[in-house]
$ cat coords10.tsv   # TSV, C-alpha atoms
chain	number	residue	atom	x	y	z
A	1442	MET	CA	109.09	50.96	-42.16
A	1443	LYS	CA	109.20	47.34	-41.14
A	1444	GLY	CA	105.98	47.82	-39.14
A	1445	LEU	CA	104.25	49.38	-42.14
A	1446	ARG	CA	105.41	46.54	-44.39
A	1447	SER	CA	104.20	43.84	-41.98
A	1448	ARG	CA	100.87	45.64	-41.56
A	1449	SER	CA	100.55	45.95	-45.33
A	1450	LYS	CA	101.26	42.23	-45.71
A	1451	ARG	CA	98.60	41.40	-43.11
A	1452	LEU	CA	96.06	43.63	-44.84
A	1453	ASN	CA	96.97	42.11	-48.19
A	1454	LEU	CA	96.61	38.59	-46.73
A	1455	ARG	CA	93.22	39.44	-45.24
A	1456	PHE	CA	92.08	40.93	-48.53
A	1457	ARG	CA	93.20	37.86	-50.46
A	1458	LEU	CA	91.53	35.59	-47.90
A	1459	ARG	CA	88.26	37.52	-48.17
A	1460	CYS	CA	88.45	37.37	-51.96
A	1461	PHE	CA	89.06	33.63	-51.78
A	1462	MET	CA	86.15	33.08	-49.38
A	1463	THR	CA	83.87	35.27	-51.51
A	1464	ARG	CA	84.84	33.35	-54.62
A	1465	ARG	CA	84.24	30.01	-52.89
A	1466	LEU	CA	80.86	31.25	-51.63
A	1467	LEU	CA	79.87	32.36	-55.12
A	1468	GLU	CA	81.03	29.02	-56.53
A	1469	ARG	CA	78.93	27.16	-53.97
A	1470	LEU	CA	75.90	29.31	-54.74
A	1471	LEU	CA	76.32	28.66	-58.45
A	1472	ILE	CA	76.80	24.94	-57.85
A	1473	ASN	CA	73.70	24.81	-55.64
A	1474	ALA	CA	71.71	26.69	-58.27
A	1475	GLU	CA	72.91	24.26	-60.94
A	1476	LEU	CA	72.08	21.30	-58.71
A	1477	LYS	CA	68.58	22.66	-58.09
A	1478	GLN	CA	68.09	22.92	-61.82
A	1479	MET	CA	69.60	19.48	-62.42
A	1480	ARG	CA	67.40	17.76	-59.85
A	1481	TRP	CA	64.34	18.71	-61.85
A	1482	VAL	CA	66.01	17.24	-64.92
A	1483	PHE	CA	66.50	13.93	-63.09
A	1484	LEU	CA	63.04	14.01	-61.50
A	1485	ALA	CA	61.23	14.87	-64.72
A	1486	PRO	CA	61.09	11.32	-66.20
A	1487	SER	CA	59.75	9.86	-62.96
A	1488	LEU	CA	57.22	12.66	-62.56
A	1489	LEU	CA	56.05	12.24	-66.15
A	1490	LEU	CA	55.65	8.47	-65.73
A	1491	PHE	CA	53.85	8.91	-62.41
A	1492	THR	CA	51.51	11.49	-63.92
A	1493	ALA	CA	50.80	9.42	-67.03
A	1494	LEU	CA	50.46	6.00	-65.36
A	1495	VAL	CA	49.14	6.81	-61.88
A	1496	ALA	CA	47.76	10.32	-61.40
A	1497	ILE	CA	45.75	10.65	-64.63
A	1498	PRO	CA	44.31	7.08	-64.54
A	1499	GLY	CA	43.47	7.57	-60.86
A	1500	GLY	CA	41.63	10.78	-61.64
A	1501	ARG	CA	39.79	9.12	-64.52
A	1502	ALA	CA	38.79	6.22	-62.25
A	1503	LEU	CA	37.32	8.70	-59.79
A	1504	ILE	CA	35.27	10.25	-62.61
A	1505	TYR	CA	34.13	6.87	-63.96
A	1506	SER	CA	33.06	5.76	-60.47
A	1507	VAL	CA	30.16	8.25	-60.56
A	1508	GLN	CA	29.12	7.30	-64.09
A	1509	ASN	CA	27.46	4.38	-65.86
A	1510	TRP	CA	29.65	3.28	-68.75
A	1511	ASP	CA	30.19	0.05	-70.66
A	1512	GLY	CA	33.41	1.18	-72.34
A	1513	LEU	CA	31.80	1.80	-75.74
A	1514	SER	CA	28.72	4.00	-75.48
A	1515	ALA	CA	28.61	7.49	-74.03
A	1516	PRO	CA	28.84	7.54	-70.21
A	1517	THR	CA	25.85	8.74	-68.18
A	1518	TRP	CA	25.76	10.32	-64.75
A	1519	ALA	CA	25.11	7.87	-61.89
A	1520	GLY	CA	26.12	9.83	-58.81
A	1521	LEU	CA	26.72	7.54	-55.85
A	1522	ASP	CA	24.65	4.67	-57.25
A	1523	ASN	CA	27.74	2.58	-57.99
A	1524	PHE	CA	28.94	2.92	-54.40
A	1525	ARG	CA	25.49	2.04	-53.03
A	1526	ALA	CA	25.38	-1.04	-55.25
A	1527	LEU	CA	28.90	-1.91	-54.15
A	1528	PHE	CA	28.15	-2.11	-50.45
A	1529	ALA	CA	24.88	-3.94	-51.08
A	1530	ASP	CA	26.61	-6.58	-53.22
A	1531	ASP	CA	27.55	-9.83	-51.45
A	1532	LEU	CA	30.25	-10.46	-54.06
A	1533	PHE	CA	32.12	-7.28	-53.13
A	1534	LEU	CA	31.67	-7.79	-49.38
A	1535	ASP	CA	32.96	-11.37	-49.63
A	1536	ALA	CA	35.95	-10.20	-51.68
A	1537	LEU	CA	36.69	-7.50	-49.11
A	1538	LYS	CA	36.55	-10.10	-46.33
A	1539	HIS	CA	38.96	-12.34	-48.25
A	1540	ASN	CA	41.42	-9.47	-48.70
A	1541	VAL	CA	41.32	-8.79	-44.96
A	1542	ILE	CA	41.93	-12.50	-44.22
A	1543	LEU	CA	44.94	-12.55	-46.55
A	1544	MET	CA	46.31	-9.30	-45.15
A	1545	LEU	CA	46.03	-10.34	-41.50
A	1546	GLY	CA	46.87	-14.04	-41.90
A	1547	ALA	CA	49.69	-13.87	-44.41
A	1548	GLY	CA	50.88	-10.50	-43.10
A	1549	SER	CA	51.32	-11.73	-39.53
A	1550	LEU	CA	53.13	-14.88	-40.63
A	1551	THR	CA	55.32	-13.06	-43.14
A	1552	LEU	CA	56.49	-10.28	-40.84
A	1553	VAL	CA	57.12	-12.57	-37.86
A	1554	LEU	CA	59.05	-15.13	-39.93
A	1555	ALA	CA	60.99	-12.45	-41.80
A	1556	LEU	CA	61.98	-10.77	-38.54
A	1557	THR	CA	63.02	-14.12	-37.03
A	1558	PHE	CA	65.11	-15.17	-40.04
A	1559	ALA	CA	66.70	-11.72	-40.30
A	1560	ALA	CA	67.70	-11.85	-36.63
A	1561	LEU	CA	69.22	-15.32	-37.06
A	1562	VAL	CA	71.20	-14.29	-40.14
A	1563	HIS	CA	72.29	-11.06	-38.47
A	1564	ARG	CA	73.69	-12.94	-35.49
A	1565	GLY	CA	75.85	-14.97	-37.87
A	1566	ILE	CA	74.37	-18.47	-38.01
A	1567	ARG	CA	76.13	-21.00	-40.20
A	1568	GLY	CA	75.15	-20.74	-43.87
A	1569	ALA	CA	73.79	-17.18	-43.58
A	1570	GLY	CA	74.63	-16.37	-47.21
A	1571	LEU	CA	72.76	-19.43	-48.45
A	1572	PHE	CA	69.72	-18.44	-46.37
A	1573	ARG	CA	69.64	-15.00	-47.99
A	1574	VAL	CA	69.59	-16.46	-51.49
A	1575	ALA	CA	67.15	-19.27	-50.65
A	1576	PHE	CA	64.58	-17.05	-48.97
A	1577	PHE	CA	64.77	-14.32	-51.62
A	1578	PHE	CA	64.52	-16.77	-54.54
A	1579	PRO	CA	60.66	-16.89	-54.63
A	1580	ASN	CA	60.60	-13.14	-55.31
A	1581	ILE	CA	62.21	-13.60	-58.73
A	1582	ILE	CA	59.74	-16.28	-59.88
A	1583	ALA	CA	56.80	-15.11	-61.98
A	1584	ALA	CA	53.54	-14.94	-60.03
A	1585	VAL	CA	51.76	-17.24	-62.51
A	1586	ALA	CA	54.52	-19.85	-62.18
A	1587	VAL	CA	54.25	-19.69	-58.39
A	1588	ALA	CA	50.48	-20.20	-58.59
A	1589	ILE	CA	50.87	-23.25	-60.84
A	1590	LEU	CA	53.59	-24.68	-58.58
A	1591	TRP	CA	51.44	-24.41	-55.46
A	1592	GLN	CA	48.41	-25.72	-57.32
A	1593	LEU	CA	50.41	-28.87	-58.12
A	1594	MET	CA	51.63	-29.19	-54.52
A	1595	TYR	CA	48.06	-28.83	-53.23
A	1596	SER	CA	46.74	-31.37	-55.75
A	1597	ILE	CA	44.86	-34.44	-54.44
A	1598	THR	CA	46.63	-36.63	-57.03
A	1599	GLY	CA	50.16	-38.01	-56.93
A	1600	PHE	CA	51.67	-34.56	-57.59
A	1601	GLY	CA	50.22	-33.22	-54.35
A	1602	VAL	CA	53.27	-33.33	-52.10
A	1603	ILE	CA	51.50	-31.50	-49.29
A	1604	ASN	CA	48.58	-33.94	-49.25
A	1605	VAL	CA	50.94	-36.94	-49.39
A	1606	VAL	CA	52.91	-35.70	-46.37
A	1607	LEU	CA	49.79	-34.79	-44.39
A	1608	ALA	CA	48.16	-38.16	-45.20
A	1609	TRP	CA	51.27	-39.96	-43.94
A	1610	MET	CA	51.22	-37.89	-40.74
A	1611	GLU	CA	47.51	-38.63	-40.34
A	1612	ASP	CA	48.08	-42.38	-40.69
A	1613	THR	CA	50.97	-42.28	-38.24
A	1614	LEU	CA	48.93	-40.30	-35.72
A	1615	ALA	CA	45.92	-42.61	-36.12
A	1616	VAL	CA	48.06	-45.70	-35.54
A	1617	GLY	CA	49.61	-44.08	-32.48
A	1618	ILE	CA	46.23	-43.13	-31.04
A	1619	THR	CA	44.83	-46.62	-31.70
A	1620	TRP	CA	47.88	-48.23	-30.08
A	1621	SER	CA	47.59	-45.94	-27.03
A	1622	ALA	CA	43.86	-46.67	-26.78
A	1623	ASP	CA	44.55	-50.41	-26.94
A	1624	ILE	CA	46.99	-50.13	-24.03
A	1625	ALA	CA	44.49	-48.04	-22.07
A	1626	MET	CA	41.69	-50.51	-22.82
A	1627	LYS	CA	43.70	-53.36	-21.33
A	1628	GLY	CA	44.09	-51.30	-18.19
A	1629	PHE	CA	40.39	-50.41	-18.03
A	1630	LEU	CA	39.38	-54.08	-18.34
A	1631	TYR	CA	40.72	-54.62	-14.85
A	1632	LEU	CA	38.97	-51.57	-13.40
A	1633	GLN	CA	35.41	-51.41	-12.15
A	1634	PRO	CA	33.70	-48.09	-12.91
A	1635	GLU	CA	33.20	-46.13	-9.73
A	1636	SER	CA	31.36	-43.25	-11.39
A	1637	ALA	CA	29.44	-42.40	-14.53
A	1638	HIS	CA	32.39	-40.36	-15.84
A	1639	LEU	CA	34.81	-43.27	-15.48
A	1640	ASP	CA	32.34	-45.61	-17.14
A	1641	SER	CA	31.88	-43.21	-20.07
A	1642	LEU	CA	35.64	-42.83	-20.43
A	1643	ARG	CA	36.15	-46.59	-20.46
A	1644	THR	CA	33.42	-47.03	-23.09
A	1645	PHE	CA	35.03	-44.35	-25.28
A	1646	VAL	CA	38.50	-45.91	-25.01
A	1647	ILE	CA	37.21	-49.41	-25.83
A	1648	THR	CA	35.28	-48.07	-28.85
A	1649	LEU	CA	38.36	-46.19	-30.07
A	1650	ALA	CA	40.59	-49.22	-29.63
A	1651	ASN	CA	38.24	-51.44	-31.62
A	1652	SER	CA	37.88	-48.95	-34.48
A	1653	ASP	CA	39.86	-48.85	-37.71
A	1654	SER	CA	43.27	-47.15	-37.48
A	1655	ARG	CA	42.28	-44.81	-40.33
A	1656	GLN	CA	39.81	-43.03	-38.06
A	1657	PHE	CA	40.17	-39.44	-39.30
A	1658	ASP	CA	40.23	-39.78	-43.10
A	1659	LEU	CA	40.89	-36.06	-43.63
A	1660	PHE	CA	43.43	-36.31	-46.43
A	1661	PRO	CA	43.75	-35.84	-49.34
A	1662	PHE	CA	42.13	-32.48	-48.64
A	1663	PRO	CA	40.86	-30.24	-51.51
A	1664	PHE	CA	42.93	-27.16	-50.64
A	1665	THR	CA	42.27	-25.51	-54.01
A	1666	ALA	CA	38.49	-25.90	-53.84
A	1667	SER	CA	36.79	-22.51	-53.93
A	1668	GLU	CA	35.58	-22.68	-50.31
A	1669	ASN	CA	39.12	-23.46	-49.06
A	1670	LEU	CA	41.25	-21.47	-51.49
A	1671	ILE	CA	41.62	-18.21	-49.56
A	1672	TYR	CA	43.03	-19.99	-46.50
A	1673	ALA	CA	45.26	-22.16	-48.69
A	1674	LEU	CA	46.73	-19.01	-50.24
A	1675	ILE	CA	48.10	-17.80	-46.89
A	1676	PRO	CA	51.13	-20.18	-46.89
A	1677	MET	CA	51.78	-19.41	-50.56
A	1678	LEU	CA	51.68	-15.63	-50.05
A	1679	THR	CA	53.93	-16.03	-47.01
A	1680	TRP	CA	56.44	-18.12	-48.99
A	1681	ILE	CA	56.55	-15.49	-51.73
A	1682	SER	CA	56.93	-12.48	-49.43
A	1683	VAL	CA	59.10	-13.56	-46.52
A	1684	GLY	CA	62.40	-13.24	-48.43
A	1685	PHE	CA	61.88	-9.61	-49.40
A	1686	TYR	CA	60.98	-8.54	-45.86
A	1687	MET	CA	63.85	-10.57	-44.42
A	1688	ILE	CA	66.31	-8.63	-46.61
A	1689	LEU	CA	64.60	-5.36	-45.63
A	1690	PHE	CA	64.87	-6.07	-41.89
A	1691	LEU	CA	68.38	-7.49	-42.23
A	1692	ALA	CA	69.61	-4.29	-43.88
A	1693	ALA	CA	68.18	-2.30	-40.97
A	1694	MET	CA	69.81	-4.60	-38.41
A	1695	GLN	CA	73.20	-4.35	-40.10
A	1696	SER	CA	73.09	-0.56	-39.76
A	1697	ILE	CA	73.00	-0.84	-35.94
A	1698	PRO	CA	76.47	-0.17	-34.46
A	1699	GLU	CA	78.07	-3.32	-33.06
A	1700	GLU	CA	79.14	-1.34	-29.97
A	1701	PHE	CA	75.57	-1.53	-28.66
A	1702	TYR	CA	75.68	-5.32	-28.59
A	1703	GLU	CA	79.17	-5.33	-27.08
A	1704	ALA	CA	77.99	-3.02	-24.28
A	1705	ALA	CA	74.96	-5.26	-23.72
A	1706	ASP	CA	77.25	-8.30	-23.49
A	1707	LEU	CA	79.29	-6.54	-20.82
A	1708	GLU	CA	76.08	-5.81	-18.91
A	1709	GLY	CA	75.18	-9.51	-19.02
A	1710	ALA	CA	72.25	-9.27	-21.47
A	1711	ASN	CA	71.51	-12.47	-23.37
A	1712	SER	CA	70.57	-12.71	-27.07
A	1713	ARG	CA	66.83	-12.52	-26.40
A	1714	GLN	CA	67.19	-9.40	-24.25
A	1715	GLN	CA	69.43	-7.76	-26.86
A	1716	PHE	CA	66.85	-8.47	-29.55
A	1717	TRP	CA	63.93	-6.99	-27.56
A	1718	HIS	CA	65.75	-3.98	-26.11
A	1719	ILE	CA	68.26	-3.08	-28.86
A	1720	THR	CA	67.35	-4.59	-32.22
A	1721	LEU	CA	63.57	-4.13	-32.24
A	1722	PRO	CA	63.52	-0.49	-31.04
A	1723	LEU	CA	66.21	0.53	-33.53
A	1724	ILE	CA	64.54	-1.09	-36.57
A	1725	ARG	CA	61.05	-0.01	-35.55
A	1726	GLU	CA	60.65	2.52	-38.37
A	1727	VAL	CA	61.71	-0.05	-40.99
A	1728	PHE	CA	59.29	-2.58	-39.49
A	1729	ILE	CA	56.44	-0.06	-39.87
A	1730	VAL	CA	57.47	0.49	-43.49
A	1731	GLY	CA	57.27	-3.29	-43.95
A	1732	ILE	CA	53.71	-3.33	-42.58
A	1733	VAL	CA	52.70	-0.55	-44.98
A	1734	PHE	CA	54.31	-2.39	-47.91
A	1735	PHE	CA	52.39	-5.56	-47.08
A	1736	ILE	CA	49.06	-3.73	-46.75
A	1737	ILE	CA	49.55	-2.31	-50.24
A	1738	SER	CA	50.74	-5.58	-51.82
A	1739	SER	CA	47.97	-7.70	-50.26
A	1740	ALA	CA	45.35	-5.30	-51.63
A	1741	LYS	CA	46.64	-5.97	-55.17
A	1742	PHE	CA	46.69	-9.78	-54.83
A	1743	PHE	CA	45.29	-11.23	-58.05
A	1744	ASP	CA	47.37	-13.79	-59.97
A	1745	ALA	CA	47.01	-16.92	-57.83
A	1746	VAL	CA	43.23	-16.67	-57.49
A	1747	TRP	CA	42.79	-16.07	-61.21
A	1748	VAL	CA	45.09	-18.95	-62.24
A	1749	ILE	CA	43.92	-21.57	-59.73
A	1750	GLU	CA	40.25	-20.78	-60.33
A	1751	SER	CA	40.82	-20.96	-64.12
A	1752	GLU	CA	39.60	-17.37	-64.58
A	1753	PHE	CA	36.23	-18.12	-62.96
A	1754	PRO	CA	36.33	-17.23	-59.24
A	1755	ASN	CA	33.09	-17.25	-57.26
A	1756	ASN	CA	31.91	-15.68	-54.02
A	1757	ASP	CA	34.01	-18.13	-52.01
A	1758	SER	CA	37.30	-17.19	-53.70
A	1759	HIS	CA	37.00	-13.67	-55.14
A	1760	VAL	CA	39.33	-10.91	-53.96
A	1761	MET	CA	39.00	-7.21	-54.71
A	1762	ALA	CA	41.32	-7.25	-57.72
A	1763	THR	CA	39.50	-10.18	-59.37
A	1764	VAL	CA	36.13	-8.49	-58.82
A	1765	LEU	CA	37.48	-5.35	-60.49
A	1766	TYR	CA	38.84	-7.34	-63.45
A	1767	GLN	CA	35.64	-9.34	-63.88
A	1768	LYS	CA	33.43	-6.25	-63.80
A	1769	VAL	CA	35.50	-4.50	-66.50
A	1770	PHE	CA	36.41	-7.28	-68.93
A	1771	THR	CA	33.54	-9.75	-68.44
A	1772	GLU	CA	30.52	-7.65	-67.51
A	1773	TYR	CA	31.73	-4.37	-69.09
A	1774	ASN	CA	30.55	-2.42	-66.06
A	1775	VAL	CA	33.31	0.18	-65.94
A	1776	GLY	CA	31.55	2.44	-63.44
A	1777	TYR	CA	31.16	-0.35	-60.87
A	1778	ALA	CA	34.79	-1.44	-61.39
A	1779	ALA	CA	36.00	2.14	-60.96
A	1780	ALA	CA	34.03	2.36	-57.71
A	1781	VAL	CA	35.79	-0.83	-56.54
A	1782	ALA	CA	39.16	0.77	-57.37
A	1783	VAL	CA	38.28	3.98	-55.50
A	1784	VAL	CA	37.10	2.07	-52.42
A	1785	LEU	CA	40.21	-0.13	-52.53
A	1786	PHE	CA	42.45	2.93	-52.67
A	1787	GLY	CA	40.55	4.55	-49.81
A	1788	LEU	CA	40.77	1.47	-47.60
A	1789	VAL	CA	44.50	1.06	-48.23
A	1790	PHE	CA	45.08	4.77	-47.59
A	1791	ILE	CA	43.14	4.66	-44.31
A	1792	ALA	CA	44.89	1.46	-43.17
A	1793	THR	CA	48.26	3.04	-43.92
A	1794	LEU	CA	47.40	6.21	-41.99
A	1795	VAL	CA	46.14	4.20	-39.01
A	1796	THR	CA	49.32	2.11	-39.01
A	1797	LEU	CA	51.54	5.18	-39.12
A	1798	ASN	CA	49.44	6.95	-36.46
A	1799	PHE	CA	49.62	4.05	-34.00
A	1800	SER	CA	53.36	3.78	-34.56
A	1801	ARG	CA	54.08	7.42	-33.81
A	1802	LYS	CA	56.71	7.59	-31.17
A	1803	GLU	CA	59.94	9.44	-30.50
A	1804	SER	CA	62.46	8.11	-32.99
A	1805	LEU	CA	65.72	6.73	-31.71
A	1806	GLU	CA	68.95	8.13	-33.13
A	1807	TYR	CA	72.35	6.48	-33.03
$ encode --input "coords10.tsv" --output "structure tokens"
Amino acid sequence: MKGLRSRSKRLNLRFRLRCFMTRRLLERLLINAELKQMRWVFLAPSLLLFTALVAIPGGRALIYSVQNWDGLSAPTWAGLDNFRALFADDLFLDALKHNVILMLGAGSLTLVLALTFAALVHRGIRGAGLFRVAFFFPNIIAAVAVAILWQLMYSITGFGVINVVLAWMEDTLAVGITWSADIAMKGFLYLQPESAHLDSLRTFVITLANSDSRQFDLFPFPFTASENLIYALIPMLTWISVGFYMILFLAAMQSIPEEFYEAADLEGANSRQQFWHITLPLIREVFIVGIVFFIISSAKFFDAVWVIESEFPNNDSHVMATVLYQKVFTEYNVGYAAAVAVVLFGLVFIATLVTLNFSRKESLEY
């Protein structure tokens, strides 16, 4: 009897356990089904906004790019005429060149500086918290305010801090060169030229020593002139962007387990070796994301050019976004502007794919 009772208890326990597991499984299935339904509820607002503000306007731009339309009259079919006119237009080609200059120049500086500052903060330099706030601060300033600020700093009047500093450095350098040439001239006066090269060198030094100390006269320099503006925008775009990418890279570095660095210390690796062989490989994917972000943001660069040029850029200062704006709201050539938008999207898409393709490599897990 005792054996039957114990067997009955075991069977009853197994039955209850199976019922419990079945109930838990059903509960999980119901929860998963509810979650699947709920995720669409949460995604719906974003999908609606994306469809209304991105997908539909993008599709309309593609349609307008093959039409002639001034925004008021009925559109007419143009085929690929807008694209042919685009690539035959010096204005568009110059704007495309300027976008490439900004992307490569400011992009290289921004990513290198952001990576450097993130590594320094990650290794715990003094005042790391202050650095985070200071470098990120330009991101919260309005783009128009940043453009006006840099326009004042680049000014050739008394407000132009950059020109004042560079002019002082120029004067100091000129005085130093003149002083050095004067010392060299005194030495050459006691030398007899033994060759034509030595004679030419002595003549050059004597001429330099007798010249005015303000020999170069480069500053104040018109940084915001149309022919110089694109290159002057590189430091400004770098100043705006470096804080965001520093925070991005710093977050990736802080996710790396500290045990890796401790093991490297035991192996005798210095800070530079740890950075190249531990930090960089483990944040590689985030670094690629940073490159893609910068490609996209540099393609949309607009505010500074429009503000500094007082809404009238020319071939020396136009970028793709200002060409698009001018064609729509000044010349009312919607078809041409839509073709610019389509080409801009295509170039950014191709550049992003190329970047991701070249970066394909076995990902590191830790």
$ residues_around --input "coords10.tsv" --residues "A:Ile1603" --least-positions-apart "2" --cutoff "12 Å" --atoms "all atoms listed in the file" --output "PyMOL selection string"
chain A and resi 1590-1601+1605-1610+1660-1665+1673+1676
$ closest_residue --input "coords10.tsv" --among "A:Ala1782, A:Leu1556, A:Trp1747, A:Asn1669" --to "A:Tyr1686" --atoms "only C-alpha atoms"
A:Leu1556
$ closest_residue --input "coords10.tsv" --among "A:Ile1791, A:Ala1780, A:Leu1488, A:Met1694" --to "A:Tyr1505" --atoms "only C-alpha atoms"
A:Ala1780
$ residues_around --input "coords10.tsv" --residues "stretch 1517-1526 of chain A" --least-positions-apart "2" --cutoff "7 Å" --atoms "only C-alpha atoms" --output "PDB file with C-alpha atoms, in the coordinates of the input"
ATOM      1  CA  SER A1506      33.060   5.760 -60.470  1.00  0.00           C
ATOM      2  CA  VAL A1507      30.160   8.250 -60.560  1.00  0.00           C
ATOM      3  CA  GLN A1508      29.120   7.300 -64.090  1.00  0.00           C
ATOM      4  CA  ASN A1509      27.460   4.380 -65.860  1.00  0.00           C
ATOM      5  CA  TRP A1510      29.650   3.280 -68.750  1.00  0.00           C
ATOM      6  CA  ALA A1515      28.610   7.490 -74.030  1.00  0.00           C
ATOM      7  CA  PHE A1528      28.150  -2.110 -50.450  1.00  0.00           C
ATOM      8  CA  ALA A1529      24.880  -3.940 -51.080  1.00  0.00           C
ATOM      9  CA  ASP A1530      26.610  -6.580 -53.220  1.00  0.00           C
ATOM     10  CA  GLY A1776      31.550   2.440 -63.440  1.00  0.00           C
ATOM     11  CA  TYR A1777      31.160  -0.350 -60.870  1.00  0.00           C
ATOM     12  CA  ALA A1780      34.030   2.360 -57.710  1.00  0.00           C
TER      13      ALA A1780
END
$ atom_distance --input "coords10.tsv" --atom1 "atom CA of A:Leu1765" --atom2 "atom CA of A:Ile1589"
22.4 Å
$ residues_around --input "coords10.tsv" --residues "stretch 1737-1746 of chain A" --least-positions-apart "2" --cutoff "7 Å" --atoms "only C-alpha atoms" --output "VMD selection string"
chain A and resid 1540 1543 to 1544 1584 to 1585 1588 1733 to 1735 1748 to 1750 1762 to 1763 1789
$ residues_near_point --input "coords10.tsv" --point "(46.4, -17.5, -47.8)" --cutoff "9 Å" --atoms "all atoms listed in the file" --output "list of chain:residue names"
A:Ile1542, A:Leu1543, A:Met1544, A:Gly1546, A:Ala1547, A:Leu1670, A:Ile1671, A:Tyr1672, A:Ala1673, A:Leu1674, A:Ile1675, A:Pro1676, A:Met1677, A:Leu1678, A:Thr1679
$ atom_distance --input "coords10.tsv" --atom1 "atom CA of A:Asp1511" --atom2 "atom CA of A:Lys1768"
9.9 Å
